[in-house]
>>> print(open('final37.pdb').read())   # PDB, C-alpha atoms
ATOM      1  CA  MET M   1      10.017 -34.728  25.791
ATOM      2  CA  GLN M   2      10.109 -31.430  23.973
ATOM      3  CA  ILE M   3      11.892 -28.448  25.548
ATOM      4  CA  ASN M   4      10.845 -24.964  24.411
ATOM      5  CA  VAL M   5      12.944 -21.946  25.388
ATOM      6  CA  ASN M   6      11.322 -18.500  25.421
ATOM      7  CA  THR M   7      13.012 -15.195  26.260
ATOM      8  CA  ASP M   8      11.825 -11.657  26.784
ATOM      9  CA  ARG M   9      13.238  -8.734  24.816
ATOM     10  CA  THR M  10      16.075  -8.176  27.304
ATOM     11  CA  ILE M  11      17.691 -11.585  26.761
ATOM     12  CA  SER M  12      19.248 -12.613  23.462
ATOM     13  CA  LYS M  13      18.194 -16.104  22.447
ATOM     14  CA  SER M  14      21.223 -17.912  21.085
ATOM     15  CA  PRO M  15      22.003 -21.532  20.191
ATOM     16  CA  GLY M  16      24.434 -21.667  23.129
ATOM     17  CA  LEU M  17      21.742 -20.529  25.570
ATOM     18  CA  GLU M  18      19.225 -23.025  24.219
ATOM     19  CA  GLU M  19      21.820 -25.814  24.436
ATOM     20  CA  HIS M  20      22.605 -24.857  28.048
ATOM     21  CA  VAL M  21      18.899 -24.911  28.973
ATOM     22  CA  GLN M  22      18.365 -28.291  27.310
ATOM     23  CA  THR M  23      21.426 -29.760  29.061
ATOM     24  CA  VAL M  24      20.254 -28.517  32.465
ATOM     25  CA  VAL M  25      16.650 -29.674  31.951
ATOM     26  CA  ASN M  26      17.654 -33.119  30.668
ATOM     27  CA  GLY M  27      20.134 -33.542  33.509
ATOM     28  CA  ALA M  28      17.644 -32.476  36.176
ATOM     29  CA  ILE M  29      14.453 -34.171  34.993
ATOM     30  CA  GLY M  30      15.457 -36.574  32.224
ATOM     31  CA  ARG M  31      14.404 -39.517  34.386
ATOM     32  CA  PHE M  32      10.812 -38.247  34.235
ATOM     33  CA  SER M  33      10.751 -38.001  30.421
ATOM     34  CA  ASP M  34       8.307 -40.938  30.094
ATOM     35  CA  HIS M  35       5.760 -38.947  32.134
ATOM     36  CA  LEU M  36       6.259 -35.562  30.407
ATOM     37  CA  THR M  37       5.029 -34.220  27.106
ATOM     38  CA  SER M  38       6.978 -30.951  27.161
ATOM     39  CA  VAL M  39       8.819 -28.398  29.254
ATOM     40  CA  GLU M  40       8.365 -24.658  28.699
ATOM     41  CA  VAL M  41      11.246 -22.461  29.888
ATOM     42  CA  HIS M  42      10.747 -18.693  30.134
ATOM     43  CA  LEU M  43      13.805 -16.502  30.738
ATOM     44  CA  SER M  44      13.644 -12.828  31.623
ATOM     45  CA  ASN M  45      15.560  -9.996  33.243
ATOM     46  CA  GLU M  46      13.262  -8.127  35.603
ATOM     47  CA  ASN M  47      15.498  -5.047  35.593
ATOM     48  CA  ARG M  48      14.524  -4.498  31.952
ATOM     49  CA  GLU M  49      18.041  -3.347  31.181
ATOM     50  CA  LYS M  50      20.018  -5.517  28.806
ATOM     51  CA  HIS M  51      23.225  -5.726  30.848
ATOM     52  CA  ALA M  52      21.913  -5.276  34.383
ATOM     53  CA  ASP M  53      22.503  -8.141  36.808
ATOM     54  CA  GLY M  54      20.417  -9.283  39.711
ATOM     55  CA  GLY M  55      16.989  -9.610  38.162
ATOM     56  CA  ASN M  56      17.438 -12.750  36.086
ATOM     57  CA  SER M  57      14.433 -15.006  36.285
ATOM     58  CA  CYS M  58      13.714 -18.520  35.043
ATOM     59  CA  MET M  59      10.275 -20.091  35.008
ATOM     60  CA  MET M  60       9.926 -23.770  34.077
ATOM     61  CA  GLU M  61       6.619 -25.477  33.391
ATOM     62  CA  ALA M  62       6.606 -29.266  32.991
ATOM     63  CA  ARG M  63       3.520 -30.691  31.322
ATOM     64  CA  VAL M  64       2.818 -34.077  32.843
ATOM     65  CA  ARG M  65       0.624 -36.712  31.177
ATOM     66  CA  GLY M  66      -2.579 -37.142  33.165
ATOM     67  CA  TYR M  67      -1.697 -34.485  35.729
ATOM     68  CA  GLN M  68      -1.707 -30.720  36.166
ATOM     69  CA  PRO M  69       1.376 -28.845  34.893
ATOM     70  CA  VAL M  70       4.152 -28.386  37.459
ATOM     71  CA  VAL M  71       5.580 -24.840  37.547
ATOM     72  CA  VAL M  72       8.625 -23.429  39.358
ATOM     73  CA  HIS M  73      10.217 -19.953  39.456
ATOM     74  CA  GLU M  74      13.780 -18.975  40.304
ATOM     75  CA  HIS M  75      15.604 -15.625  40.544
ATOM     76  CA  ALA M  76      19.386 -15.199  40.632
ATOM     77  CA  GLU M  77      22.188 -12.757  39.941
ATOM     78  CA  GLU M  78      23.273 -14.697  36.841
ATOM     79  CA  LEU M  79      20.981 -16.176  34.211
ATOM     80  CA  HIS M  80      22.804 -19.521  34.101
ATOM     81  CA  GLN M  81      22.459 -19.858  37.887
ATOM     82  CA  SER M  82      18.716 -19.181  37.755
ATOM     83  CA  ILE M  83      18.356 -21.891  35.069
ATOM     84  CA  LYS M  84      20.339 -24.416  37.136
ATOM     85  CA  ASN M  85      18.414 -23.627  40.339
ATOM     86  CA  ALA M  86      15.062 -23.842  38.546
ATOM     87  CA  GLY M  87      16.047 -27.259  37.165
ATOM     88  CA  GLY M  88      16.699 -28.496  40.701
ATOM     89  CA  LYS M  89      13.410 -27.087  41.960
ATOM     90  CA  LEU M  90      11.541 -28.692  39.071
ATOM     91  CA  ALA M  91      13.116 -32.080  39.814
ATOM     92  CA  ARG M  92      12.015 -31.880  43.464
ATOM     93  CA  ALA M  93       8.518 -30.720  42.477
ATOM     94  CA  LEU M  94       8.131 -33.577  39.976
ATOM     95  CA  ASP M  95       9.414 -36.073  42.562
ATOM     96  CA  SER M  96       6.693 -34.895  44.898
ATOM     97  CA  ALA M  97       3.892 -34.649  42.322
ATOM     98  CA  LEU M  98       4.564 -37.964  40.593
ATOM     99  CA  GLY M  99       5.148 -39.679  43.931
ATOM    100  CA  ARG M 100       1.699 -38.555  45.114
ATOM    101  CA  LEU M 101       0.160 -39.685  41.838
ATOM    102  CA  GLN M 102       1.759 -43.141  42.130
ATOM    103  CA  ASP M 103       0.754 -43.428  45.802
ATOM    104  CA  LYS M 104      -2.813 -42.539  44.896
ATOM    105  CA  ASN M 105      -2.871 -45.324  42.311
ATOM    106  CA  LYS M 106      -1.389 -47.860  44.755
ATOM    107  CA  HIS M 107      -3.824 -47.171  47.594
ATOM    108  CA  THR M 108      -7.179 -47.935  46.021
ATOM    109  CA  SER M 109      -9.965 -49.181  48.235
ATOM    110  CA  PRO M 110     -10.636 -52.894  48.058
ATOM    111  CA  ALA M 111     -13.787 -53.744  46.179
ATOM    112  CA  ILE M 112     -16.697 -55.088  48.194
ATOM    113  CA  ASP M 113     -18.783 -57.648  46.336
ATOM    114  CA  ASP M 114     -21.871 -57.250  48.492
ATOM    115  CA  PRO M 115     -22.155 -53.961  50.378
ATOM    116  CA  LEU M 116     -24.571 -55.583  52.835
ATOM    117  CA  SER M 117     -22.250 -58.516  53.635
ATOM    118  CA  ASP M 118     -20.881 -56.810  56.752
ATOM    119  CA  LYS M 119     -24.321 -55.799  57.983
ATOM    120  CA  HIS M 120     -24.150 -58.384  60.749
ATOM    121  CA  LEU M 121     -21.482 -56.273  62.456
ATOM    122  CA  THR M 122     -23.991 -53.559  63.307
ATOM    123  CA  ASP M 123     -26.977 -55.786  64.099
ATOM    124  CA  SER M 124     -27.417 -56.896  67.685
TER     125      SER M 124
END
>>> encode(input="final37.pdb", output="structure tokens")
Amino acid sequence: MQINVNTDRTISKSPGLEEHVQTVVNGAIGRFSDHLTSVEVHLSNENREKHADGGNSCMMEARVRGYQPVVVHEHAEELHQSIKNAGGKLARALDSALGRLQDKNKHTSPAIDDPLSDKHLTDS
């Protein structure tokens, strides 16, 4: 699973920030790595001021094999908190999405060899 970290112009992308994001993502959704191709993480500060707090946003998009991408958004006072919260939301969303996908595969209709074989039930 590849993890890509993207930032807007108000957030400095540093090796420490990327390492933190990768640690959070792997910890939150590492168990789904067999089902994922990549995770896109977009970090921004909605206040558009470099040192202003309160508008930190994290968007995570998990690309799932054979399924639509799963996207979550989180806002928090601190950037690290928004990353952590988004990781938790993404884990819950993947639990739900992959659970539905597995349930769908388990509950297939039984095949009927001859569609007219139960015709006698309606004939009187």
>>> closest_residue(input="final37.pdb", among="M:Ser14, M:Asn4, M:Gly55, M:Val25", to="Val41 (chain M)", atoms="only C-alpha atoms")
M:Asn4
>>> closest_residue(input="final37.pdb", among="M:Asn45, M:Ala86, M:Glu74, M:Met59", to="Ser12 (chain M)", atoms="all atoms listed in the file")
M:Asn45
>>> atom_distance(input="final37.pdb", atom1="CA of Gly66 (chain M)", atom2="CA of Asp95 (chain M)")
15.3 Å
>>> residues_around(input="final37.pdb", residues="Asp34 (chain M)", least_positions_apart="5", cutoff="10 Å", atoms="only C-alpha atoms", output="number ranges by chain")
M: 1, 64-65
>>> residues_around(input="final37.pdb", residues="region 6-11 of chain M", least_positions_apart="5", cutoff="6 Å", atoms="all atoms listed in the file", output="PyMOL selection string")
chain M and resi 41-44+50
>>> closest_residue(input="final37.pdb", among="M:Lys89, M:His35, M:Arg63, M:His20", to="His75 (chain M)", atoms="only C-alpha atoms")
M:Lys89
>>> atom_distance(input="final37.pdb", atom1="CA of Val70 (chain M)", atom2="CA of Ala97 (chain M)")
7.9 Å
>>> axis_aligned_box(input="final37.pdb", around="region 23-39 of chain M", padding_each_side="5 Å", output="AutoDock Vina command-line options")
--center_x 13.2 --center_y -34.7 --center_z 31.6 --size_x 26.4 --size_y 22.5 --size_z 19.1
>>> closest_residue(input="final37.pdb", among="M:Val5, M:Ile29, M:Leu17, M:Val39", to="Leu98 (chain M)", atoms="all atoms listed in the file")
M:Ile29
>>> atom_distance(input="final37.pdb", atom1="CA of Ala62 (chain M)", atom2="CA of Thr37 (chain M)")
7.9 Å
>>> closest_residue(input="final37.pdb", among="M:Gln22, M:Asn47, M:Ser96, M:Ser57", to="Ser82 (chain M)", atoms="all atoms listed in the file")
M:Ser57
>>> closest_residue(input="final37.pdb", among="M:Glu46, M:Ala28, M:Gln68, M:Leu36", to="Asn85 (chain M)", atoms="all atoms listed in the file")
M:Ala28
>>> residues_near_point(input="final37.pdb", point="(23.2, -20.0, 34.5)", cutoff="10 Å", atoms="only C-alpha atoms", output="tab-separated table (two decimals) with C-alpha atoms, in the frame of the given file")
chain	number	residue	atom	x	y	z
M	17	LEU	CA	21.74	-20.53	25.57
M	20	HIS	CA	22.60	-24.86	28.05
M	21	VAL	CA	18.90	-24.91	28.97
M	24	VAL	CA	20.25	-28.52	32.47
M	56	ASN	CA	17.44	-12.75	36.09
M	58	CYS	CA	13.71	-18.52	35.04
M	76	ALA	CA	19.39	-15.20	40.63
M	77	GLU	CA	22.19	-12.76	39.94
M	78	GLU	CA	23.27	-14.70	36.84
M	79	LEU	CA	20.98	-16.18	34.21
M	80	HIS	CA	22.80	-19.52	34.10
M	81	GLN	CA	22.46	-19.86	37.89
M	82	SER	CA	18.72	-19.18	37.76
M	83	ILE	CA	18.36	-21.89	35.07
M	84	LYS	CA	20.34	-24.42	37.14
M	85	ASN	CA	18.41	-23.63	40.34
M	86	ALA	CA	15.06	-23.84	38.55
